[in-house]
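Structure data follow from start22.cif (mmCIF, C-alpha atoms and all ligand atoms):
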```
data_data
loop_
_atom_site.label_atom_id
_atom_site.label_comp_id
_atom_site.auth_asym_id
_atom_site.auth_seq_id
_atom_site.Cartn_x
_atom_site.Cartn_y
_atom_site.Cartn_z
CA MET A 1 -4.16 -13.56 15.79
CA SER A 2 -5.91 -10.83 13.80
CA ILE A 3 -3.84 -7.78 13.02
CA SER A 4 -4.91 -4.16 13.29
CA LYS A 5 -3.67 -1.79 10.59
CA LEU A 6 -2.86 1.89 10.96
CA GLY A 7 -1.94 4.45 8.32
CA ILE A 8 -0.03 7.46 9.61
CA LYS A 9 -0.92 10.58 7.60
CA ILE A 10 1.46 13.46 8.30
CA ASP A 11 0.20 16.93 7.42
CA VAL A 12 2.87 19.59 6.99
CA ASP A 13 1.19 23.01 7.14
CA THR A 14 3.98 25.49 7.85
CA LEU A 15 7.60 26.38 7.14
CA ALA A 16 8.56 25.41 10.70
CA GLY A 17 6.76 22.08 10.37
CA TYR A 18 8.59 21.45 7.10
CA CYS A 19 12.09 22.49 8.16
CA GLN A 20 12.09 21.21 11.76
CA GLY A 21 9.12 18.89 12.25
CA VAL A 22 9.73 16.69 9.20
CA PRO A 23 13.39 15.81 9.96
CA ALA A 24 12.44 15.03 13.59
CA LEU A 25 9.60 12.76 12.44
CA LEU A 26 11.83 11.03 9.87
CA GLN A 27 14.18 10.05 12.66
CA VAL A 28 11.43 8.68 14.94
CA LEU A 29 9.82 6.77 12.06
CA GLU A 30 13.19 5.25 11.15
CA GLU A 31 13.84 4.21 14.77
CA GLN A 32 10.45 2.50 14.91
CA ALA A 33 10.77 1.07 11.35
CA VAL A 34 7.47 2.69 10.35
CA THR A 35 6.64 3.97 6.87
CA ALA A 36 4.08 6.76 6.62
CA SER A 37 2.38 9.16 4.22
CA PHE A 38 3.58 12.79 4.21
CA PHE A 39 1.40 15.54 2.75
CA LEU A 40 3.19 18.82 2.11
CA ALA A 41 1.81 22.34 1.67
CA LEU A 42 4.48 23.81 -0.63
CA GLY A 43 3.26 27.37 -1.23
CA PRO A 44 3.52 30.50 0.93
CA ASP A 45 3.25 30.08 4.70
CA ASN A 46 0.47 32.53 5.56
CA SER A 47 -0.05 31.17 9.08
CA GLY A 48 -0.43 34.69 10.50
CA LYS A 49 -3.66 35.14 8.55
CA ALA A 50 -5.21 32.21 10.42
CA ILE A 51 -5.55 34.56 13.39
CA PHE A 52 -8.56 36.16 11.65
CA ARG A 53 -10.45 32.92 12.32
CA VAL A 54 -10.97 34.36 15.80
CA PHE A 55 -13.69 36.55 14.26
CA ARG A 56 -15.23 33.85 12.08
CA GLN A 57 -15.02 30.48 13.79
CA ARG A 58 -16.83 29.50 16.91
CA GLY A 59 -14.38 27.93 19.36
CA PHE A 60 -11.18 29.03 17.56
CA LEU A 61 -9.83 31.21 20.36
CA GLN A 62 -10.63 28.62 23.03
CA LYS A 63 -8.86 25.95 20.99
CA MET A 64 -5.79 28.17 20.48
CA LEU A 65 -5.51 28.74 24.23
CA ARG A 66 -6.35 25.17 25.25
CA THR A 67 -3.67 23.68 22.98
CA ARG A 68 -1.15 26.43 23.79
CA ALA A 69 -0.91 27.13 20.05
CA PRO A 70 1.03 30.42 20.42
CA ALA A 71 3.82 28.60 22.28
CA ILE A 72 3.85 25.69 19.84
CA TYR A 73 3.78 27.66 16.60
CA GLY A 74 6.00 30.50 17.83
CA LEU A 75 5.66 34.22 17.32
CA LYS A 76 7.37 34.27 13.92
CA THR A 77 5.03 31.70 12.35
CA MET A 78 2.04 33.55 13.77
CA CYS A 79 3.15 36.73 11.96
CA TYR A 80 3.77 35.18 8.49
CA GLY A 81 1.55 36.75 5.87
CA THR A 82 0.61 39.71 8.10
CA LEU A 83 3.41 41.50 9.98
CA LEU A 84 6.07 39.41 8.20
CA PRO A 85 6.13 38.39 4.52
CA ALA A 86 4.89 34.86 3.80
CA PRO A 87 7.92 32.62 3.11
CA LEU A 88 7.67 30.09 0.28
CA ILE A 89 7.88 26.61 1.83
CA SER A 90 9.09 24.88 -1.36
CA ALA A 91 12.13 27.19 -1.48
CA ALA A 92 13.31 26.08 1.95
CA ALA A 93 15.13 22.74 2.19
CA PRO A 94 14.47 21.74 -1.46
CA GLU A 95 16.18 18.38 -0.88
CA LEU A 96 13.70 17.37 1.85
CA PRO A 97 10.91 15.77 -0.26
CA ALA A 98 13.46 13.48 -1.94
CA ARG A 99 14.81 12.57 1.49
CA ILE A 100 11.31 11.66 2.69
CA ALA A 101 10.77 9.48 -0.39
CA ALA A 102 14.22 7.86 -0.12
CA ALA A 103 13.31 6.73 3.42
CA GLY A 104 10.41 4.73 1.94
CA HIS A 105 7.60 7.13 2.82
CA GLU A 106 4.88 8.39 0.54
CA VAL A 107 5.00 12.09 -0.43
CA GLY A 108 1.76 13.79 -1.45
CA LEU A 109 0.33 17.29 -1.51
CA HIS A 110 -1.41 19.21 1.26
CA GLY A 111 -2.44 22.11 -0.94
CA TYR A 112 -0.43 25.15 -1.98
CA ASP A 113 -1.44 28.06 0.29
CA HIS A 114 -2.75 26.11 3.30
CA VAL A 115 -4.49 29.04 5.00
CA ARG A 116 -6.11 30.24 1.76
CA TRP A 117 -7.60 26.80 1.04
CA HIS A 118 -8.63 26.22 4.64
CA ASP A 119 -10.37 29.59 5.04
CA GLN A 120 -11.61 30.42 1.55
CA LEU A 121 -12.24 27.21 -0.39
CA PHE A 122 -16.00 27.65 -0.50
CA ARG A 123 -15.69 31.30 -1.61
CA LEU A 124 -13.03 30.78 -4.31
CA PRO A 125 -14.10 30.59 -7.96
CA ALA A 126 -13.57 27.13 -9.51
CA ALA A 127 -10.68 28.47 -11.62
CA ALA A 128 -8.88 29.69 -8.49
CA VAL A 129 -9.29 26.27 -6.84
CA SER A 130 -7.77 24.65 -9.94
CA ARG A 131 -4.90 27.13 -9.84
CA GLU A 132 -4.14 26.26 -6.18
CA ILE A 133 -3.87 22.58 -7.12
CA ALA A 134 -1.86 23.28 -10.28
CA ALA A 135 0.56 25.51 -8.34
CA ALA A 136 1.03 22.77 -5.76
CA GLN A 137 1.69 20.20 -8.51
CA GLU A 138 4.19 22.54 -10.17
CA ALA A 139 6.11 23.05 -6.93
CA PHE A 140 6.04 19.30 -6.27
CA ALA A 141 7.30 18.46 -9.78
CA ALA A 142 10.13 20.99 -9.46
CA LEU A 143 11.33 19.23 -6.31
CA LEU A 144 10.68 15.55 -7.10
CA LYS A 145 10.70 15.50 -10.94
CA ARG A 146 7.29 13.78 -11.01
CA ARG A 147 3.66 14.59 -10.29
CA ALA A 148 2.04 13.93 -6.92
CA LEU A 149 -0.42 11.02 -6.84
CA ALA A 150 -2.18 12.01 -3.63
CA PHE A 151 -3.83 15.16 -2.31
CA ALA A 152 -4.98 15.81 1.26
CA ALA A 153 -7.17 18.90 1.57
CA PRO A 154 -6.01 21.54 4.07
CA GLY A 155 -8.31 21.67 7.09
CA TRP A 156 -10.41 18.77 5.69
CA GLN A 157 -12.23 21.22 3.45
CA CYS A 158 -13.54 19.83 0.20
CA SER A 159 -16.19 21.17 -2.16
CA PRO A 160 -17.76 20.07 -5.47
CA ALA A 161 -15.31 22.45 -7.22
CA SER A 162 -12.25 21.02 -5.46
CA ARG A 163 -13.32 17.42 -6.18
CA GLU A 164 -13.83 18.25 -9.85
CA ALA A 165 -10.47 20.00 -10.11
CA LEU A 166 -8.66 17.13 -8.36
CA ALA A 167 -10.30 14.53 -10.63
CA ALA A 168 -9.24 16.56 -13.67
CA GLN A 169 -5.62 16.57 -12.52
CA ASP A 170 -5.10 12.83 -12.46
CA PHE A 171 -4.57 12.08 -8.80
CA LEU A 172 -4.72 8.43 -7.74
CA TYR A 173 -6.68 9.18 -4.57
CA THR A 174 -7.35 11.89 -2.00
CA SER A 175 -7.57 12.14 1.77
CA ASP A 176 -9.84 15.17 2.05
CA THR A 177 -12.37 14.25 4.69
CA ARG A 178 -13.08 12.72 8.10
CA GLY A 179 -14.94 9.47 8.09
CA SER A 180 -14.96 5.75 8.69
CA GLY A 181 -13.52 4.10 5.56
CA PRO A 182 -12.67 4.46 1.83
CA TYR A 183 -15.44 5.70 -0.49
CA PHE A 184 -16.30 7.65 -3.62
CA PRO A 185 -17.61 11.04 -2.42
CA ARG A 186 -20.98 12.25 -3.62
CA PHE A 187 -22.24 15.83 -3.74
CA GLY A 188 -25.94 15.84 -4.69
CA GLN A 189 -26.24 13.55 -7.72
CA THR A 190 -22.56 13.86 -8.67
CA VAL A 191 -20.22 11.09 -7.59
CA SER A 192 -16.52 11.90 -7.67
CA PRO A 193 -14.54 9.29 -9.64
CA LEU A 194 -11.59 9.88 -7.32
CA LEU A 195 -11.15 7.47 -4.40
CA GLU A 196 -11.25 9.12 -0.97
CA ILE A 197 -9.46 7.60 2.03
CA PRO A 198 -10.66 9.60 5.05
CA THR A 199 -8.96 10.22 8.37
CA THR A 200 -10.76 7.94 10.83
CA GLN A 201 -9.14 8.86 14.16
CA PRO A 202 -9.39 12.13 16.10
CA THR A 203 -6.29 14.36 16.14
CA LEU A 204 -4.08 15.33 19.06
CA ASP A 205 -4.78 19.06 18.69
CA GLU A 206 -8.52 18.41 18.88
CA LEU A 207 -8.49 16.46 22.09
CA LEU A 208 -5.51 17.87 23.99
CA GLY A 209 -6.73 19.66 27.11
CA LEU A 210 -10.35 18.78 26.32
CA ASP A 211 -11.83 17.33 29.53
CA GLY A 212 -8.28 17.14 30.90
CA CYS A 213 -7.01 14.96 28.01
CA ARG A 214 -3.20 14.54 28.18
CA PRO A 215 -1.00 13.19 25.34
CA ARG A 216 -0.96 9.77 27.02
CA ASP A 217 -4.78 9.70 27.20
CA PHE A 218 -4.90 10.60 23.52
CA SER A 219 -2.54 7.72 22.62
CA ASN A 220 -4.64 5.30 24.65
CA LEU A 221 -7.75 6.46 22.82
CA VAL A 222 -6.08 5.89 19.44
CA LEU A 223 -5.02 2.40 20.54
CA SER A 224 -8.51 1.58 21.81
CA ARG A 225 -10.01 2.53 18.44
CA LEU A 226 -7.78 0.17 16.42
CA SER A 227 -9.68 -2.68 14.83
CA PRO A 228 -8.66 -5.93 13.12
CA THR A 229 -11.51 -5.53 10.63
CA ARG A 230 -11.21 -1.83 9.77
CA PRO A 231 -7.84 -0.23 8.91
CA GLN A 232 -7.55 3.16 10.62
CA VAL A 233 -6.00 6.44 9.46
CA LEU A 234 -4.45 8.79 12.00
CA THR A 235 -3.53 12.34 10.96
CA ILE A 236 -0.64 13.93 12.82
CA HIS A 237 0.91 17.36 12.30
CA ALA A 238 4.61 18.05 11.71
CA GLU A 239 4.19 21.14 13.90
CA LEU A 240 2.90 19.15 16.90
CA GLU A 241 3.92 15.49 16.85
CA GLY A 242 7.13 16.59 15.07
CA GLY A 243 7.64 19.30 17.72
CA PRO A 244 6.71 19.43 21.40
CA TYR A 245 4.83 16.10 21.25
CA LEU A 246 7.55 14.10 19.49
CA ASP A 247 8.22 11.84 22.49
CA ASP A 248 4.51 11.16 22.90
CA PHE A 249 4.27 10.22 19.23
CA ALA A 250 7.29 7.90 19.56
CA ARG A 251 5.61 6.27 22.55
CA LEU A 252 2.41 5.75 20.59
CA LEU A 253 4.37 4.04 17.79
CA ARG A 254 6.14 1.82 20.34
CA CYS A 255 2.82 0.80 21.91
CA CYS A 256 1.42 0.02 18.45
CA ARG A 257 4.49 -2.10 17.67
CA GLN A 258 4.10 -4.00 20.97
CA GLN A 259 0.49 -4.76 20.05
CA GLY A 260 1.55 -6.05 16.63
CA VAL A 261 -0.10 -3.20 14.71
CA GLU A 262 0.84 -3.13 11.03
CA PHE A 263 1.54 0.25 9.44
CA PHE A 264 0.60 1.03 5.87
CA ARG A 265 1.08 3.89 3.43
CA LEU A 266 -2.19 5.32 2.13
CA GLU A 267 -0.95 5.07 -1.48
CA ASP A 268 -0.45 1.30 -1.18
CA TRP A 269 -3.92 0.84 0.28
CA ALA A 270 -5.39 3.00 -2.51
CA ARG A 271 -3.75 0.81 -5.18
CA GLU A 272 -5.09 -2.31 -3.48
CA LEU A 273 -8.63 -0.89 -3.21
CA LEU A 274 -8.64 0.33 -6.82
CA GLN A 275 -8.05 -3.18 -8.10
CA GLU A 276 -11.73 -3.73 -7.35
CA PRO A 277 -13.38 -0.29 -7.59
CA GLY A 278 -16.84 -1.87 -7.73
CA ARG A 279 -16.47 -2.92 -4.11
CA ILE A 280 -15.87 0.66 -2.92
CA PRO A 281 -19.07 2.29 -1.60
CA THR A 282 -20.19 5.83 -2.30
CA ALA A 283 -21.13 8.27 0.45
CA MET A 284 -22.38 11.84 0.67
CA VAL A 285 -19.95 14.51 1.83
CA ILE A 286 -21.51 16.56 4.60
CA SER A 287 -20.32 19.53 6.62
CA GLY A 288 -19.86 18.55 10.26
CA ARG A 289 -18.42 19.66 13.58
CA LEU A 290 -15.95 17.56 15.55
CA PRO A 291 -15.24 17.69 19.29
CA GLY A 292 -12.37 20.10 19.95
CA ARG A 293 -12.12 21.45 16.39
CA ALA A 294 -13.20 25.01 15.57
CA GLY A 295 -15.37 25.52 12.49
CA THR A 296 -16.70 22.78 10.25
CA VAL A 297 -14.94 20.02 8.30
CA SER A 298 -15.98 17.85 5.36
CA CYS A 299 -17.21 14.51 6.68
CA GLN A 300 -18.26 11.22 5.14
CA GLY A 301 -22.01 10.68 5.39
CA SER A 302 -23.46 7.22 5.82
CA MET A 303 -22.20 4.57 3.40
CA GLU A 304 -24.26 3.76 0.33
CA ALA A 305 -24.37 0.55 -1.70
CA THR A 306 -21.43 -0.38 -3.89
CA THR A 307 -21.85 -0.26 -7.65
CA SER A 308 -21.37 -4.01 -8.12
ZN ZN B 1 -3.07 21.03 7.43
#
```
Render the structure in this file as structure tokens.
Ligand SMILES: [Zn+2]
Amino acid sequence: MSISKLGIKIDVDTLAGYCQGVPALLQVLEEQAVTASFFLALGPDNSGKAIFRVFRQRGFLQKMLRTRAPAIYGLKTMCYGTLLPAPLISAAAPELPARIAAAGHEVGLHGYDHVRWHDQLFRLPAAAVSREIAAAQEAFAALLKRRALAFAAPGWQCSPASREALAAQDFLYTSDTRGSGPYFPRFGQTVSPLLEIPTTQPTLDELLGLDGCRPRDFSNLVLSRLSPTRPQVLTIHAELEGGPYLDDFARLLRCCRQQGVEFFRLEDWARELLQEPGRIPTAMVISGRLPGRAGTVSCQGSMEATTS
């Protein structure tokens, strides 16, 4: 029987996701004997500033209301960085990253100031982009006594400047984009030397409530998209699947287990792929829109020939 493979990528965007969502997810993952890849934003939680997307991003308000975001994120989180000071995520629960790693999971970076990267990446000078990554690495090293090997861009936003800065800071691989499979990203004539493993599945917050989609419908869609020939990457959020949708996430893992799905950590797949880098294709990075997501995200264009 051929086996489908699924990598669970867990984005932790906020202080609440870090302090409450992560411990809840650790428990569910342990119960289901699943190892996953956690990506932490360790800088200030400026979630309140995300509200200004209402004026900039088509579909943001509708998405907020459709997914009941105010109820999920809570009033406090929605005021951080505006009415309330932005709390530093790395200062809360400093033992947590080591706990995640001790449970056998991968720990990588999800930027420093999540909202700043998500909303301003394309307007920031290259030096400021480098500083965001360096600050994230510094916070990571202070907690885990080593550098992070993986970086997942907040909001799937990546630019030529961010790719260059990430390549200069010795990451093993990134998970910055949405796409179909591993590749070396190309902007114009420049190919990034850093392997990219994109998210291949839609996310719960995109599809929830869209055309009446319930959590169970979402899980069924994820299951239907699994393939024995193409490993899949599903991004979940500590604030959602580690919060009000924890039971739905546990159910999805159970269904995967029943179907014999094998779970992998993105880091392990990256090491495997990089043993034969010549077999990894290149692809353009393009700006695209996804059903149920406000604004644009960085997407993998069509695959190009491998170098060997
Ligand atoms: Zn995020």
May I have a table of the residues of chain A lying at most 12 Å from ligand ZN 1 (chain B), giving each one's closest pair of atoms and their distance in Å to one decimal, counting all atoms listed in the file, ordered by chain and ascending residue number, as JSON lines?
```
{"residue": "A:Lys9", "atom": "CA", "partner": "B:ZN1", "partner_atom": "ZN", "distance": 10.7}
{"residue": "A:Ile10", "atom": "CA", "partner": "B:ZN1", "partner_atom": "ZN", "distance": 8.9}
{"residue": "A:Asp11", "atom": "CA", "partner": "B:ZN1", "partner_atom": "ZN", "distance": 5.2}
{"residue": "A:Val12", "atom": "CA", "partner": "B:ZN1", "partner_atom": "ZN", "distance": 6.1}
{"residue": "A:Asp13", "atom": "CA", "partner": "B:ZN1", "partner_atom": "ZN", "distance": 4.7}
{"residue": "A:Thr14", "atom": "CA", "partner": "B:ZN1", "partner_atom": "ZN", "distance": 8.4}
{"residue": "A:Leu15", "atom": "CA", "partner": "B:ZN1", "partner_atom": "ZN", "distance": 11.9}
{"residue": "A:Gly17", "atom": "CA", "partner": "B:ZN1", "partner_atom": "ZN", "distance": 10.3}
{"residue": "A:Tyr18", "atom": "CA", "partner": "B:ZN1", "partner_atom": "ZN", "distance": 11.7}
{"residue": "A:Phe38", "atom": "CA", "partner": "B:ZN1", "partner_atom": "ZN", "distance": 11.1}
{"residue": "A:Phe39", "atom": "CA", "partner": "B:ZN1", "partner_atom": "ZN", "distance": 8.5}
{"residue": "A:Leu40", "atom": "CA", "partner": "B:ZN1", "partner_atom": "ZN", "distance": 8.5}
{"residue": "A:Ala41", "atom": "CA", "partner": "B:ZN1", "partner_atom": "ZN", "distance": 7.7}
{"residue": "A:Leu42", "atom": "CA", "partner": "B:ZN1", "partner_atom": "ZN", "distance": 11.4}
{"residue": "A:Asp45", "atom": "CA", "partner": "B:ZN1", "partner_atom": "ZN", "distance": 11.4}
{"residue": "A:Ser47", "atom": "CA", "partner": "B:ZN1", "partner_atom": "ZN", "distance": 10.7}
{"residue": "A:Ala50", "atom": "CA", "partner": "B:ZN1", "partner_atom": "ZN", "distance": 11.8}
{"residue": "A:Leu109", "atom": "CA", "partner": "B:ZN1", "partner_atom": "ZN", "distance": 10.3}
{"residue": "A:His110", "atom": "CA", "partner": "B:ZN1", "partner_atom": "ZN", "distance": 6.6}
{"residue": "A:Gly111", "atom": "CA", "partner": "B:ZN1", "partner_atom": "ZN", "distance": 8.5}
{"residue": "A:Tyr112", "atom": "CA", "partner": "B:ZN1", "partner_atom": "ZN", "distance": 10.6}
{"residue": "A:Asp113", "atom": "CA", "partner": "B:ZN1", "partner_atom": "ZN", "distance": 10.2}
{"residue": "A:His114", "atom": "CA", "partner": "B:ZN1", "partner_atom": "ZN", "distance": 6.6}
{"residue": "A:Val115", "atom": "CA", "partner": "B:ZN1", "partner_atom": "ZN", "distance": 8.5}
{"residue": "A:Arg116", "atom": "CA", "partner": "B:ZN1", "partner_atom": "ZN", "distance": 11.2}
{"residue": "A:Trp117", "atom": "CA", "partner": "B:ZN1", "partner_atom": "ZN", "distance": 9.7}
{"residue": "A:His118", "atom": "CA", "partner": "B:ZN1", "partner_atom": "ZN", "distance": 8.1}
{"residue": "A:Asp119", "atom": "CA", "partner": "B:ZN1", "partner_atom": "ZN", "distance": 11.5}
{"residue": "A:Phe151", "atom": "CA", "partner": "B:ZN1", "partner_atom": "ZN", "distance": 11.4}
{"residue": "A:Ala152", "atom": "CA", "partner": "B:ZN1", "partner_atom": "ZN", "distance": 8.3}
{"residue": "A:Ala153", "atom": "CA", "partner": "B:ZN1", "partner_atom": "ZN", "distance": 7.5}
{"residue": "A:Pro154", "atom": "CA", "partner": "B:ZN1", "partner_atom": "ZN", "distance": 4.5}
{"residue": "A:Gly155", "atom": "CA", "partner": "B:ZN1", "partner_atom": "ZN", "distance": 5.3}
{"residue": "A:Trp156", "atom": "CA", "partner": "B:ZN1", "partner_atom": "ZN", "distance": 7.9}
{"residue": "A:Gln157", "atom": "CA", "partner": "B:ZN1", "partner_atom": "ZN", "distance": 10.0}
{"residue": "A:Ser175", "atom": "CA", "partner": "B:ZN1", "partner_atom": "ZN", "distance": 11.5}
{"residue": "A:Asp176", "atom": "CA", "partner": "B:ZN1", "partner_atom": "ZN", "distance": 10.4}
{"residue": "A:Thr177", "atom": "CA", "partner": "B:ZN1", "partner_atom": "ZN", "distance": 11.8}
{"residue": "A:Thr203", "atom": "CA", "partner": "B:ZN1", "partner_atom": "ZN", "distance": 11.4}
{"residue": "A:Asp205", "atom": "CA", "partner": "B:ZN1", "partner_atom": "ZN", "distance": 11.6}
{"residue": "A:Thr235", "atom": "CA", "partner": "B:ZN1", "partner_atom": "ZN", "distance": 9.4}
{"residue": "A:Ile236", "atom": "CA", "partner": "B:ZN1", "partner_atom": "ZN", "distance": 9.2}
{"residue": "A:His237", "atom": "CA", "partner": "B:ZN1", "partner_atom": "ZN", "distance": 7.3}
{"residue": "A:Ala238", "atom": "CA", "partner": "B:ZN1", "partner_atom": "ZN", "distance": 9.3}
{"residue": "A:Glu239", "atom": "CA", "partner": "B:ZN1", "partner_atom": "ZN", "distance": 9.7}
{"residue": "A:Leu240", "atom": "CA", "partner": "B:ZN1", "partner_atom": "ZN", "distance": 11.4}
{"residue": "A:Val297", "atom": "CA", "partner": "B:ZN1", "partner_atom": "ZN", "distance": 11.9}
```
Residues near Asn220 of chain A, anyone? I mean within 12 Å using all atoms listed in the file, not counting same-chain ones fewer than 3 positions away, as an mmCIF file with C-alpha atoms, in the frame of the given file.
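What follows is the written file out38.cif:
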```cif
data_model
loop_
_atom_site.group_PDB
_atom_site.id
_atom_site.type_symbol
_atom_site.label_atom_id
_atom_site.label_comp_id
_atom_site.auth_asym_id
_atom_site.auth_seq_id
_atom_site.Cartn_x
_atom_site.Cartn_y
_atom_site.Cartn_z
ATOM 1 C CA GLN A 201 -9.140 8.860 14.160
ATOM 2 C CA PRO A 202 -9.390 12.130 16.100
ATOM 3 C CA LEU A 204 -4.080 15.330 19.060
ATOM 4 C CA CYS A 213 -7.010 14.960 28.010
ATOM 5 C CA ARG A 214 -3.200 14.540 28.180
ATOM 6 C CA PRO A 215 -1.000 13.190 25.340
ATOM 7 C CA ARG A 216 -0.960 9.770 27.020
ATOM 8 C CA ASP A 217 -4.780 9.700 27.200
ATOM 9 C CA LEU A 223 -5.020 2.400 20.540
ATOM 10 C CA SER A 224 -8.510 1.580 21.810
ATOM 11 C CA ARG A 225 -10.010 2.530 18.440
ATOM 12 C CA LEU A 226 -7.780 0.170 16.420
ATOM 13 C CA ASP A 248 4.510 11.160 22.900
ATOM 14 C CA PHE A 249 4.270 10.220 19.230
ATOM 15 C CA ARG A 251 5.610 6.270 22.550
ATOM 16 C CA LEU A 252 2.410 5.750 20.590
ATOM 17 C CA LEU A 253 4.370 4.040 17.790
ATOM 18 C CA CYS A 255 2.820 0.800 21.910
ATOM 19 C CA CYS A 256 1.420 0.020 18.450
#
```
Original post:
Hey, can you check how far atom CA of Pro277 of chain A sits from atom CA of Arg178 of chain A?
Top reply: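 For atom CA of Pro277 of chain A relative to atom CA of Arg178 of chain A, the distance reads 20.4 Å.
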Original post:
To one decimal place, how far is atom CA of Leu207 of chain A from atom CA of Gly292 of chain A in Å?
Top reply: 5.7 Å
**OP:** Take atom CA of Ser2 of chain A and atom CA of Pro228 of chain A and report the distance between them in Å, one decimal.
**Re:** 5.7 Å
**OP:** Rank A:Leu29, A:Ile133, A:Ala283, A:Ile3 by their smallest atom-to-atom distance to Leu121 of chain A, using only C-alpha atoms, and report the top residue only.
**Re:** A:Ile133
**OP:** Tell me, as a PyMOL selection string, which residues lie within 12 Å of Ala142 of chain A, counting all atoms listed in the file; anything in the same chain fewer than 4 positions away does not count.
**Re:** chain A and resi 42+90-91+94-95+97-98+135-138+146-148
Original post:
Pick the closest to Gln32 of chain A from A:Gln258, A:Ser227, A:Gln120, A:Ser298: which is it, counting all atoms listed in the file?
Top reply: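 Nearest candidate to Gln32 of chain A out of A:Gln258, A:Ser227, A:Gln120, A:Ser298: A:Gln258.
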**OP:** Using only C-alpha atoms, determine which residues lie at most 12 Å from Thr190 of chain A, disregarding the query and same-chain residues fewer than 6 positions distant; provide the list as a PyMOL selection string.
**Re:** chain A and resi 159-161+163-164+184+282-285
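Distances here use all atoms listed in the file; by that measure, the residue among A:Ser162, A:Gln62, A:Thr174, A:Thr35 closest to Glu106 of chain A is A:Thr35.
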